[in-house]
Protein chains: 2
Amino acid sequence: MNADLARERSNATFDPEVITALLDGGKEKTARRRQLEALVARDPTGVFSNDDNAYLHRKDRHVRALAKFVRLVELCRSHGIGSEPGADGEITKSADFPTLMAAVADDIPTALHWVMFVPNIRSLCDDEQQAEWLPMCRDWKMIGCYAQTELGHGSNIRALETTATFLPESKGGDKGGSWIINSPSLTSSKFWPGTLGRTANHAMVIAQLIDGDGKHRGIHNFLVPLRSMDDHTLLPGVITGDIGPKIGLNNYDNGFARFDNVKIPRRNMAMRFAQVDEQGKYTKASMSDATSKISYITMMLVRAFIVNEAGKNLAQACTVSIRYSAVRRQGFDESSRRELQILDYRQQQHRLLPHLCESYCFFFTGKKLLDHLFSIENRIVSGSDDVLKTEVADLHASSSALKSFTTTVAADGIEDCRKACGGHGFLQASGLPELACTYLQNPTVEGDNQMLPQQVVKVLLKLVTAVQSGDADAIGQYKRCDSRYLIPSLKSILGGDNAEECRATNEETMTDIATLLAAYRHRAARLLVGVAAQIQEAVSEGAAMQKAWNDALIQMARVSRAHAMYLLLDNFATSLEDERQSKAGSQLGPNEIEVMTDLARLFGLYWLEREIGDFLEDGYLSSEQAGWVRSGVLKMLDNIRPNAVALVDARDFSDFRLKSALGRYDGNVYPEIMKTAKKDPLNQTEPGPGYEEHLKRLIVGGVGAFTGTQSRL
Amino acid sequence: MNADLARERSNATFDPEVITALLDGGKEKTARRRQLEALVARDPTGVFSNDDNAYLHRKDRHVRALAKFVRLVELCRSHGIGSEPGADGEITKSADFPTLMAAVADDIPTALHWVMFVPNIRSLCDDEQQAEWLPMCRDWKMIGCYAQTELGHGSNIRALETTATFLPESKGGDKGGSWIINSPSLTSSKFWPGTLGRTANHAMVIAQLIDGDGKHRGIHNFLVPLRSMDDHTLLPGVITGDIGPKIGLNNYDNGFARFDNVKIPRRNMAMRFAQVDEQGKYTKASMSDATSKISYITMMLVRAFIVNEAGKNLAQACTVSIRYSAVRRQGFDESSRRELQILDYRQQQHRLLPHLCESYCFFFTGKKLLDHLFSIENRIVSGSDDVLKTEVADLHASSSALKSFTTTVAADGIEDCRKACGGHGFLQASGLPELACTYLQNPTVEGDNQMLPQQVVKVLLKLVTAVQSGDADAIGQYKRCDSRYLIPSLKSILGGDNAEECRATNEETMTDIATLLAAYRHRAARLLVGVAAQIQEAVSEGAAMQKAWNDALIQMARVSRAHAMYLLLDNFATSLEDERQSKAGSQLGPNEIEVMTDLARLFGLYWLEREIGDFLEDGYLSSEQAGWVRSGVLKMLDNIRPNAVALVDARDFSDFRLKSALGRYDGNVYPEIMKTAKKDPLNQTEPGPGYEEHLKRLIVGGVGAFTGTQSRL
């Protein structure tokens with residue numbers, strides 16, 4: 001064990017195991033997770049080893065990842081481990097299976113089968129369809145993907161070009177009628193769906209429905225067989241393939257698919273909410289309000305998971321860079337005559353410790369978001385009618401703002417952590433390049449981070465209107481909404497009484513969480529009112545709404561960030577307050593609460609410092625207060641520094657999962673770097689590859705003699 | 001040709017060829033560059049094709065890159081193209097050879113031979129040594145690398161562990177004496193030097209010199225043969241190898257080396273500025289003041305190149321993302337009933353156009369920096385004694401601040417451009433992943449961007465002291481210094497008369513370059529004084545200097561950024577002013593000057609908006625003025641938008657160099673993406689790799705049947 005790491009750990013003021021249990025949801029869950037992780041890491045076949053990942057050609061990594069998955073299913077079967085999809089396996093409630101997938105610590109090409117394909121069957125197919133298909137999914141006879149995005153069409157799903165045209169039996173369809181799935185153009189090719197390229201034998205294809213009367217009925221889902229379930233050969237009219245190497249996630253066979261008038265049975269249309277009968281007559285089910293809300297919630301759950309994953313990924317990067325910054329020494333300390341631990345440099349603390357705060361902060365919000373979504377779902381299912389459209393829309397705004405902000409912060413933060421490791425962070429052996437590059441999908445998928453803010457603002461502007469109107473009923477609709485915190489500030493600002501100002505009187509009161517929350521609340525409200533005013537003014541001056549809206553997009557991004565930051569700090573603070581009051585389910589002792597509170601305060605202060613212009617611009621914060629923010633940040637860095645290593649230890653990433661020479665628990669960094677270097681395929685021959693064929697000709701002669709620099713070209 | 005791109009081009013208000021010539025340094029140079037690029041792109045051997053880069057295993061890419069280089073030398077030899085290193089080939093003044101290297105558009109493992117190894121021989125070896133070694137370098141008999149960094153030691157070169165111990169003939173040394181080069185520990189292993197791993201047969205090794213009396217004389221350079229020049233076998237006692245895969249630059253064999261008491265001749269020590277005689281007696285040459293300045297300037301030249309390369313790399317990313325944003329359509333336009341060009345969305349403009357400004361901005365500063373360095377060099381060489389230490393130190397501060405800021409902006413900006421391409425930016429076929437990842441070395445090498453600011457501040461604080469003292473002589477030393485712009489603001493602030501404030505009275509005056517420069521000047525001076533005050537106060541309160549300094553590091557980073565931004569805007573503005581006044585060498589017409597001026601204004605306004613807290617905090621800017629900054633940004637986006645495509649065209653990156661399906665000149669994006677996808681090795685068999693061995697067992701059976709979810713673990 002590295003002496004510096006040992007000392008760091010012995011100096012910690014709290015018990016990391018207590019925090020680990022909080023993160024896992026209880027001590028028993030921690031124990032179960034560790035048991036499952038050991039099952040993978042110690043599997044006698046050795047197939048789960050990630051030691052050679054960086055040396056494999058992409059093709060070989062893909063094949064290896066398939067081997068891992070097959071072995072994983074085998075383990076599940078032999079140990080009776082649930083929940084596999086199709087059993088009781090809704091992704092939101094199962095535990096063992098996702099834990100095992102995470103324990104593999106490598107991307108598995110089949111992951112989207114149960115993350116997207118199976119949930120899609122569950123939510124959009126009718127009971128009979130589910131009864132037929134889900135068991136095949138559970139048994140991996142049917143391996144599916146979710147095929148929405150097209151080569152030329154991303155977020156704007158209205159523009160999708162793939163068609164599904166009804167063909168009655170009388171005109172050549174099969175018994176009961178058929179659909180003809182067709183890709184009318186190059187840009188209509190399905191492109192990007194994970195698992196589609198080489199692994200899936202079925203796709204849930206999103207296509208424009210054309211009914212028996214030739215009417216266009218908008219986009220619907222169709223289950224299209226791609227490959228034979230017997231020998232995996234492509235079915236007639238289907239072309240699929242992998243879309244090629246990417247910046248990350250290269251185990252996955254993200255795919256393309258073209259359909260050349262592929263005939264599928266009528267009943268392969270997902271028929272829970274819309275049906276087409278044997279004559280091609282289209283009817284839309286009168287979807288109950290409850291059902292439509294539930295399917296909306298399912299969509300939001302994905303974003304809640306993304307928020308949680310943002311925290312986990314960032315924590316993983318923090319673990320590597322904070323441990324390494326405790327081990328690495330550079331620059332002489334005049335008093336000790338030794339080199340200094342990098343972690344004692346202010347700029348290194350200022351770079352890494354805020355990310356540590358963010359990673360914890362995202363955990364609490366991810367949890368709150370999930371709890372809120374489940375509680376709404378339960379209230380709907382139990383027939384309560386107090387769930388208002390406003391609440392669901394508001395949660396859509398929250399989850400959009402949070403998805404956009406947390407994934408941006410995590411992507412940038414992981415890269416920051418990588419850079420903070422200096423040269424060695426550039427090595428794949430550090431584990432950070434693959435973590436960083438693969439994470440980069442997140443700012444783009446499930447709503448591009450640049451597109452989401454306008455959806456957030458669209459919802460929040462309704463609250464502005466409600467407050468502006470002074471209509472108590474309209475305002476009352478917000479009683480369970482995340483955005484209700486805005487109401488007092490909105491009233492104050494819209495009342496022309498924009499007299500809110502920060503009440504901090506010194507550094508100590510400036511670092512109070514209540515002070516910080518008030519600042520974030522005011523900022524969010526002020527920016528929101530600003531956007532509303534900007535649009536109103538432009539329209540009143542004769543601008544078309546579309547232009548006014550477009551011109552406000554840059555400010556909308558600020559509103560969305562401001563909203564997310566308030567929610568994050570508030571969720572962090574109230575979670576800790578619950579712990580402090582020993583509410584049901586609380587798990588932390590006073591020492592843990594103290595260090596977590598400092599994390600929350602640094603989160604608030606750090607972002608306040610970074611975006612201080614927002615708070616200074618309208619005089620909410622004074623120049624003197626801005627100074628207290630800066631000194632408060634230094635103070636929190638001092639508070640957190642002694643616990644930094646223990647705080648990343650508490651995330652409990654095993655060395656198997658970290659895959660990092662720099663982040664090892666024992667700090668034995670340099671021998672590990674050298675060991676990994678020596679394994680590179682470039683080092684397996686002496687002299688190295690390319691010498692005989694090329695380099696020798698250069699060194700020994702054969703490329704012509706040097707004859708001066710007089711160009712003859 | 002894509003119709004949107006054609007329309008964009010026909011709408012441009014200026015002639016891109018005029019700007020291209022400016023960037024190249026004249027029309028003749030543009031023509032020569034294109035001729036050399038064609039020589040590579042149309043080479044009949046086809047070895048230069050980059051089409052398969054993303055599909056090759058790293059080992060094969062390395063070998064391919066060696067093949068490219070050998071062919072390149074062959075072309076040089078047959079066409080008499082200079083300047084190869086060792087001929088007249090100083091990297092700063094040659095043209096054809098670097099142009100050819102860039103034309104290859106792929107990383108060449110031998111690049112550091114002439115970028116670092118040869119210049120090192122030129123600057124640190126005596127005439128006799130140069131006469132012996134440079135011809136061998138020119139003929140590629142000797143291929144060298146620069147071996148400084150060790151596994152455990154990066155920036156702090158004082159801590160290097162490798163030793164070179166003098167061994168006289170009498171004690172077993174060779175005739176004339178020898179050096180014993182030794183790696184005493186694992187952490188002393190040389191680690192990272194480019195070309196060291198597999199390609200180089202010599203290394204310039206930086207080691208601690210121990211002379212004949214056993215005295216430690218600090219670090220010196222030693223030419224150590226690594227491999228036989230006949231058959232490339234390792235010489236006794238030497239172990240080298242590649243350090244393994246990295247986040248980028250994987251063609252390069254960055255290497256490690258251990259030396260087990262390797263004996264080399266005494267005269268293999270670089271002896272221009274220090275000598276050791278046959279008895280092991282060490283003498284340091286009385287280095288003339290001029291010589292020491294020149295060798296200092298050589299170091300700064302590298303940073304000037306980095307600034308210039310930051311602009312080029314960012315411009316390449318802008319070319320891809322701006323062209324693609326003109327081609328890509330998404331979201332319905334209510335008036336035209338078509339999808340909108342992405343480039344018409346405000347947030348896309350706000351994301352991309354500032355990077356376009358930065359890329360041009362960096363060009364002008366890179367050029368000014370080089371000109372300044374060459375002019376100092378000339379003044380020294382011509383015996384002028386008006387070059388003061390202050391000027392050289394000041395240029396060190398400028399080049400450090402600029403290196404840190406421009407490479408940070410370029411690294412983040414390239415990644416921004418990648419994200420702005422949505423999902424397709426995640427594809428290697430977009431060209432952006434490799435560009436982004438390989439660029440990521442730049443924030444770390446040649447002075448980590450986080451470490452440089454304190455060097456900047458160390459220099460600038462002397463100016464504060466000079467102004468504080470009011471000593472006219474001391475201030476007079478700054479007459480040719482970049483930092484002299486700070487003097488008026490420093491006087492005003494230090495005089496207690498911190499009454500500077502922004503004089504803009506409306507949006508129009510706010511967007512004046514003079515207004516912006518005044519704001520940046522004030523900000524830089526205020527932050528600098530703030531750091532000086534913070535350190536003085538801490539020390540006067542009894543803090544040790546080291547602690548006071550450490551606590552100020554975060555603020556030093558802000559000072560360094562502020563300094564860099566002023567210089568960048570000022571260099572941009574004065575370059576355009578020279579063009580406007582048709583000074584010698586000016587090349588632009590009024591239309592080009594107009595569009596470039598808008599770029600300079602957007603650069604100033606955009607960063608003012610991003611860091612507006614710095615300007616609001618002390619009341620320099622009012623809230624109303626902040627509003628004009630924001631509306632000014634929108635105005636500039638409007639001004640630049642119609643010329644966006646022509647402005648990236650003007651950078652004249654051929655499709656061969658861009659290597660991007662999204663950035664093609666003809667905008668024929670979608671067929672190209674599909675074409676590259678189909679070439680992936682995963683698509684060369686049907687079914688895909690891994691089916692027979694693994695997937696089949698899962699689908700057809702063989703992993704055990706599903707038996708419920710009752711865990712038996």
# chains A, B, ... in the order shown; residues from 1 in each chain; ligands from 1
$ select_by_dssp --residues "segment 533-651 of chain B" --states "alpha helix (DSSP H)" --output "number ranges by chain"
B: 533-540, 545-551, 553-580, 590-610, 612-616, 623-640, 644-649
$ residues_around --residues "Gly589 of chain A" --least-positions-apart "5" --cutoff "10 Å" --atoms "only C-alpha atoms" --output "VMD selection string"
chain A and resid 14 to 15 18 to 19 579 to 580 582 594
$ atom_distance --atom1 "atom CA of Gly244 of chain A" --atom2 "atom CA of Arg58 of chain A"
9.7 Å
$ residues_around --residues "Gln208 of chain B" --least-positions-apart "6" --cutoff "6 Å" --atoms "only C-alpha atoms" --output "PyMOL selection string"
chain B and resi 163-164+218-219
$ closest_residue --among "B:Ile247, B:Leu36, B:Ala600, B:Gly80" --to "Ser430 of chain A" --atoms "only C-alpha atoms"
B:Ile247
$ residues_around --residues "Ala310 of chain B" --least-positions-apart "5" --cutoff "9 Å" --atoms "only C-alpha atoms" --output "ChimeraX atom specification"
/B:305,315,359,362-363,403,406-411,439,442
$ write_last_selection --atoms "N, CA and C atoms" --output "tab-separated table (two decimals), in the first residue's frame"
chain	number	residue	atom	x	y	z
B	305	PHE	N	4.54	28.38	-32.33
B	305	PHE	CA	3.98	27.40	-33.26
B	305	PHE	C	2.73	26.76	-32.68
B	315	ALA	N	-9.71	25.68	-36.74
B	315	ALA	CA	-10.29	26.01	-38.04
B	315	ALA	C	-10.73	24.74	-38.78
B	359	SER	N	-10.32	30.98	-34.24
B	359	SER	CA	-9.34	30.36	-35.13
B	359	SER	C	-8.60	31.42	-35.94
B	362	PHE	N	-6.26	33.52	-33.45
B	362	PHE	CA	-5.01	32.86	-33.07
B	362	PHE	C	-3.97	32.98	-34.19
B	363	PHE	N	-4.45	32.98	-35.43
B	363	PHE	CA	-3.51	33.12	-36.55
B	363	PHE	C	-2.72	34.42	-36.43
B	403	LYS	N	-0.04	30.30	-24.87
B	403	LYS	CA	-0.05	28.84	-25.04
B	403	LYS	C	-1.16	28.24	-24.19
B	406	THR	N	-4.80	29.55	-25.58
B	406	THR	CA	-5.23	29.13	-26.92
B	406	THR	C	-5.40	27.61	-27.01
B	407	THR	N	-4.57	26.86	-26.33
B	407	THR	CA	-4.72	25.40	-26.43
B	407	THR	C	-5.93	24.92	-25.63
B	408	THR	N	-6.24	25.61	-24.55
B	408	THR	CA	-7.46	25.27	-23.82
B	408	THR	C	-8.68	25.56	-24.69
B	409	VAL	N	-8.68	26.73	-25.29
B	409	VAL	CA	-9.81	27.12	-26.14
B	409	VAL	C	-9.93	26.19	-27.34
B	410	ALA	N	-8.81	25.84	-27.94
B	410	ALA	CA	-8.87	24.98	-29.12
B	410	ALA	C	-9.34	23.58	-28.74
B	411	ALA	N	-8.83	23.03	-27.64
B	411	ALA	CA	-9.25	21.68	-27.24
B	411	ALA	C	-10.75	21.66	-26.95
B	439	TYR	N	-5.58	16.21	-30.58
B	439	TYR	CA	-5.25	17.57	-30.14
B	439	TYR	C	-5.06	17.65	-28.63
B	442	ASN	N	-2.08	18.83	-26.46
B	442	ASN	CA	-1.57	20.21	-26.39
B	442	ASN	C	-1.80	20.93	-25.08
$ atom_distance --atom1 "atom CA of Ser483 of chain A" --atom2 "atom CA of Gly366 of chain A"
16.6 Å
$ atom_distance --atom1 "atom CA of Ala524 of chain B" --atom2 "atom CA of Ala401 of chain B"
12.1 Å
$ closest_residue --among "A:Asp260, A:Asp652, A:Asn201, A:Ser155" --to "Leu186 of chain A" --atoms "only C-alpha atoms"
A:Asp260
$ select_by_dssp --residues "segment 133-175 of chain A" --states "strand (DSSP E)" --output "compact mmCIF listing (two decimals) with N, CA and C atoms, in the first residue's frame"
# COMPACT_ATOMS: atom_id res chain seq x y z
N GLY A 144 -33.55 -7.86 -29.67
CA GLY A 144 -34.14 -6.70 -30.35
C GLY A 144 -33.38 -5.41 -30.19
N CYS A 145 -33.73 -4.48 -31.04
CA CYS A 145 -33.21 -3.12 -30.93
C CYS A 145 -34.34 -2.13 -31.22
N TYR A 146 -34.08 -0.89 -30.96
CA TYR A 146 -35.10 0.15 -31.10
C TYR A 146 -34.68 1.07 -32.24
N ALA A 147 -35.33 0.95 -33.38
CA ALA A 147 -34.85 1.61 -34.59
C ALA A 147 -35.67 2.85 -34.94
N THR A 163 -41.54 4.17 -44.20
CA THR A 163 -43.00 3.99 -44.28
C THR A 163 -43.42 2.56 -43.95
N ALA A 164 -44.63 2.46 -43.39
CA ALA A 164 -45.28 1.17 -43.18
C ALA A 164 -46.66 1.28 -43.83
N THR A 165 -46.79 0.62 -44.95
CA THR A 165 -48.01 0.77 -45.75
C THR A 165 -48.86 -0.49 -45.62
N PHE A 166 -50.15 -0.31 -45.33
CA PHE A 166 -51.01 -1.47 -45.15
C PHE A 166 -51.29 -2.14 -46.49
N LEU A 167 -51.20 -3.46 -46.46
CA LEU A 167 -51.50 -4.23 -47.68
C LEU A 167 -52.52 -5.31 -47.31
$ residues_around --residues "Phe615 of chain A" --least-positions-apart "2" --cutoff "10 Å" --atoms "only C-alpha atoms" --output "list in words"
Glu501, Cys502, Ala519, Tyr520, His522, Arg523, Arg526, Leu608, Glu609, Glu611, Ile612, Gly613, Glu617, Asp618, Gly619, Tyr620, Leu621, Ser622 and Ala626 of chain A; Gly613, Leu616 and Glu617 of chain B
$ write_last_selection --atoms "N, CA and C atoms" --output "PDB file, in the first residue's frame"
ATOM      1  N   GLU A 501     -32.157  40.891  -2.697  1.00  0.00           N
ATOM      2  CA  GLU A 501     -30.705  40.935  -2.729  1.00  0.00           C
ATOM      3  C   GLU A 501     -30.131  39.987  -1.693  1.00  0.00           C
ATOM      4  N   CYS A 502     -28.898  39.638  -1.914  1.00  0.00           N
ATOM      5  CA  CYS A 502     -28.259  38.651  -1.055  1.00  0.00           C
ATOM      6  C   CYS A 502     -28.050  39.247   0.335  1.00  0.00           C
ATOM      7  N   ALA A 519     -29.871  32.619  -3.542  1.00  0.00           N
ATOM      8  CA  ALA A 519     -29.205  33.222  -4.708  1.00  0.00           C
ATOM      9  C   ALA A 519     -29.580  32.482  -5.993  1.00  0.00           C
ATOM     10  N   TYR A 520     -29.528  31.150  -5.930  1.00  0.00           N
ATOM     11  CA  TYR A 520     -29.864  30.370  -7.125  1.00  0.00           C
ATOM     12  C   TYR A 520     -31.325  30.549  -7.523  1.00  0.00           C
ATOM     13  N   HIS A 522     -33.217  33.229  -6.956  1.00  0.00           N
ATOM     14  CA  HIS A 522     -33.382  34.549  -7.559  1.00  0.00           C
ATOM     15  C   HIS A 522     -32.859  34.571  -8.987  1.00  0.00           C
ATOM     16  N   ARG A 523     -31.691  33.975  -9.182  1.00  0.00           N
ATOM     17  CA  ARG A 523     -31.104  33.996 -10.512  1.00  0.00           C
ATOM     18  C   ARG A 523     -32.001  33.308 -11.539  1.00  0.00           C
ATOM     19  N   ARG A 526     -35.037  35.484 -12.243  1.00  0.00           N
ATOM     20  CA  ARG A 526     -34.704  36.687 -13.001  1.00  0.00           C
ATOM     21  C   ARG A 526     -34.438  36.360 -14.466  1.00  0.00           C
ATOM     22  N   LEU A 608     -21.494  29.249  -8.118  1.00  0.00           N
ATOM     23  CA  LEU A 608     -21.766  30.680  -7.939  1.00  0.00           C
ATOM     24  C   LEU A 608     -20.546  31.476  -8.405  1.00  0.00           C
ATOM     25  N   GLU A 609     -19.363  31.016  -8.037  1.00  0.00           N
ATOM     26  CA  GLU A 609     -18.127  31.677  -8.464  1.00  0.00           C
ATOM     27  C   GLU A 609     -17.978  31.622  -9.981  1.00  0.00           C
ATOM     28  N   GLU A 611     -20.239  31.368 -12.273  1.00  0.00           N
ATOM     29  CA  GLU A 611     -21.234  32.111 -13.058  1.00  0.00           C
ATOM     30  C   GLU A 611     -21.602  33.390 -12.347  1.00  0.00           C
ATOM     31  N   ILE A 612     -20.611  34.001 -11.725  1.00  0.00           N
ATOM     32  CA  ILE A 612     -20.901  35.107 -10.818  1.00  0.00           C
ATOM     33  C   ILE A 612     -21.507  36.318 -11.524  1.00  0.00           C
ATOM     34  N   GLY A 613     -21.241  36.429 -12.813  1.00  0.00           N
ATOM     35  CA  GLY A 613     -21.833  37.540 -13.558  1.00  0.00           C
ATOM     36  C   GLY A 613     -23.353  37.546 -13.464  1.00  0.00           C
ATOM     37  N   GLU A 617     -24.991  40.975 -12.077  1.00  0.00           N
ATOM     38  CA  GLU A 617     -25.511  41.844 -13.135  1.00  0.00           C
ATOM     39  C   GLU A 617     -26.658  42.735 -12.670  1.00  0.00           C
ATOM     40  N   ASP A 618     -27.572  42.182 -11.869  1.00  0.00           N
ATOM     41  CA  ASP A 618     -28.711  43.005 -11.439  1.00  0.00           C
ATOM     42  C   ASP A 618     -28.515  43.505 -10.008  1.00  0.00           C
ATOM     43  N   GLY A 619     -27.294  43.381  -9.509  1.00  0.00           N
ATOM     44  CA  GLY A 619     -27.025  43.905  -8.178  1.00  0.00           C
ATOM     45  C   GLY A 619     -27.483  42.985  -7.051  1.00  0.00           C
ATOM     46  N   TYR A 620     -27.882  41.759  -7.382  1.00  0.00           N
ATOM     47  CA  TYR A 620     -28.296  40.835  -6.315  1.00  0.00           C
ATOM     48  C   TYR A 620     -27.138  40.595  -5.360  1.00  0.00           C
ATOM     49  N   LEU A 621     -25.948  40.460  -5.947  1.00  0.00           N
ATOM     50  CA  LEU A 621     -24.747  40.229  -5.155  1.00  0.00           C
ATOM     51  C   LEU A 621     -23.876  41.481  -5.255  1.00  0.00           C
ATOM     52  N   SER A 622     -23.234  41.844  -4.147  1.00  0.00           N
ATOM     53  CA  SER A 622     -22.317  42.982  -4.192  1.00  0.00           C
ATOM     54  C   SER A 622     -20.907  42.489  -4.454  1.00  0.00           C
ATOM     55  N   ALA A 626     -19.115  38.957  -3.478  1.00  0.00           N
ATOM     56  CA  ALA A 626     -18.391  38.115  -4.443  1.00  0.00           C
ATOM     57  C   ALA A 626     -17.037  37.694  -3.860  1.00  0.00           C
TER      58      ALA A 626
ATOM     59  N   GLY B 613     -18.770  38.463 -15.330  1.00  0.00           N
ATOM     60  CA  GLY B 613     -18.616  38.744 -13.905  1.00  0.00           C
ATOM     61  C   GLY B 613     -17.348  39.532 -13.600  1.00  0.00           C
ATOM     62  N   LEU B 616     -18.198  43.112 -14.283  1.00  0.00           N
ATOM     63  CA  LEU B 616     -19.262  43.693 -13.464  1.00  0.00           C
ATOM     64  C   LEU B 616     -18.807  43.878 -12.018  1.00  0.00           C
ATOM     65  N   GLU B 617     -17.905  43.000 -11.585  1.00  0.00           N
ATOM     66  CA  GLU B 617     -17.618  42.889 -10.159  1.00  0.00           C
ATOM     67  C   GLU B 617     -17.173  44.198  -9.527  1.00  0.00           C
TER      68      GLU B 617
END
$ closest_residue --among "B:Arg323, B:Lys68, B:His62, B:Lys215" --to "Thr195 of chain B" --atoms "only C-alpha atoms"
B:His62
$ residues_around --residues "Ser400 of chain A" --least-positions-apart "6" --cutoff "10 Å" --atoms "only C-alpha atoms" --output "ChimeraX atom specification"
/A:300,303-304,394,446-449,451-456,560,564
$ write_last_selection --atoms "N, CA and C atoms" --output "mmCIF file, in the first residue's frame"
data_model
loop_
_atom_site.group_PDB
_atom_site.id
_atom_site.type_symbol
_atom_site.label_atom_id
_atom_site.label_comp_id
_atom_site.auth_asym_id
_atom_site.auth_seq_id
_atom_site.Cartn_x
_atom_site.Cartn_y
_atom_site.Cartn_z
ATOM 1 N N MET A 300 -39.512 9.623 -18.950
ATOM 2 C CA MET A 300 -38.730 10.450 -18.034
ATOM 3 C C MET A 300 -37.804 9.627 -17.145
ATOM 4 N N ARG A 303 -34.328 9.532 -18.266
ATOM 5 C CA ARG A 303 -33.529 10.714 -17.927
ATOM 6 C C ARG A 303 -33.060 10.681 -16.476
ATOM 7 N N ALA A 304 -33.918 10.167 -15.606
ATOM 8 C CA ALA A 304 -33.498 10.050 -14.205
ATOM 9 C C ALA A 304 -32.290 9.124 -14.089
ATOM 10 N N ASP A 394 -44.239 19.625 -15.535
ATOM 11 C CA ASP A 394 -43.178 20.230 -14.739
ATOM 12 C C ASP A 394 -42.013 19.259 -14.547
ATOM 13 N N GLU A 446 -30.861 10.989 -26.197
ATOM 14 C CA GLU A 446 -32.037 11.234 -25.345
ATOM 15 C C GLU A 446 -32.311 12.725 -25.177
ATOM 16 N N GLY A 447 -32.275 13.436 -26.266
ATOM 17 C CA GLY A 447 -32.473 14.884 -26.218
ATOM 18 C C GLY A 447 -31.123 15.559 -26.161
ATOM 19 N N ASP A 448 -30.699 16.142 -27.286
ATOM 20 C CA ASP A 448 -29.414 16.850 -27.323
ATOM 21 C C ASP A 448 -29.427 17.966 -26.284
ATOM 22 N N ASN A 449 -28.326 18.063 -25.556
ATOM 23 C CA ASN A 449 -28.263 19.056 -24.471
ATOM 24 C C ASN A 449 -28.516 20.479 -24.931
ATOM 25 N N MET A 451 -30.710 21.209 -27.289
ATOM 26 C CA MET A 451 -32.110 21.324 -27.711
ATOM 27 C C MET A 451 -33.060 21.327 -26.512
ATOM 28 N N LEU A 452 -32.646 20.677 -25.439
ATOM 29 C CA LEU A 452 -33.559 20.520 -24.306
ATOM 30 C C LEU A 452 -33.977 21.839 -23.647
ATOM 31 N N PRO A 453 -33.080 22.820 -23.522
ATOM 32 C CA PRO A 453 -33.464 24.022 -22.777
ATOM 33 C C PRO A 453 -34.749 24.675 -23.281
ATOM 34 N N GLN A 454 -34.994 24.633 -24.585
ATOM 35 C CA GLN A 454 -36.230 25.286 -25.022
ATOM 36 C C GLN A 454 -37.471 24.541 -24.546
ATOM 37 N N GLN A 455 -37.344 23.225 -24.372
ATOM 38 C CA GLN A 455 -38.484 22.493 -23.818
ATOM 39 C C GLN A 455 -38.694 22.875 -22.357
ATOM 40 N N VAL A 456 -37.591 23.089 -21.656
ATOM 41 C CA VAL A 456 -37.681 23.511 -20.257
ATOM 42 C C VAL A 456 -38.401 24.855 -20.164
ATOM 43 N N SER A 560 -32.292 27.276 -18.315
ATOM 44 C CA SER A 560 -32.348 25.840 -18.046
ATOM 45 C C SER A 560 -31.240 25.441 -17.061
ATOM 46 N N ALA A 564 -31.746 23.946 -13.263
ATOM 47 C CA ALA A 564 -31.117 22.686 -12.856
ATOM 48 C C ALA A 564 -30.260 22.883 -11.610
#
$ residues_around --residues "segment 682-692 of chain B" --least-positions-apart "2" --cutoff "9 Å" --atoms "only C-alpha atoms" --output "list in words"
Arg58, Lys59, Asp60, His62, Val63, Arg64, Leu66, Ala67, Gly197, Arg198, Thr199, Asp231, His232, Thr233, Leu234, Thr240, Gly241, Asp242, Ile243, Gly244 and Asp253 of chain A; Ala677, Lys678, Lys679, Asp680, His694, Leu695, Lys696 and Arg697 of chain B
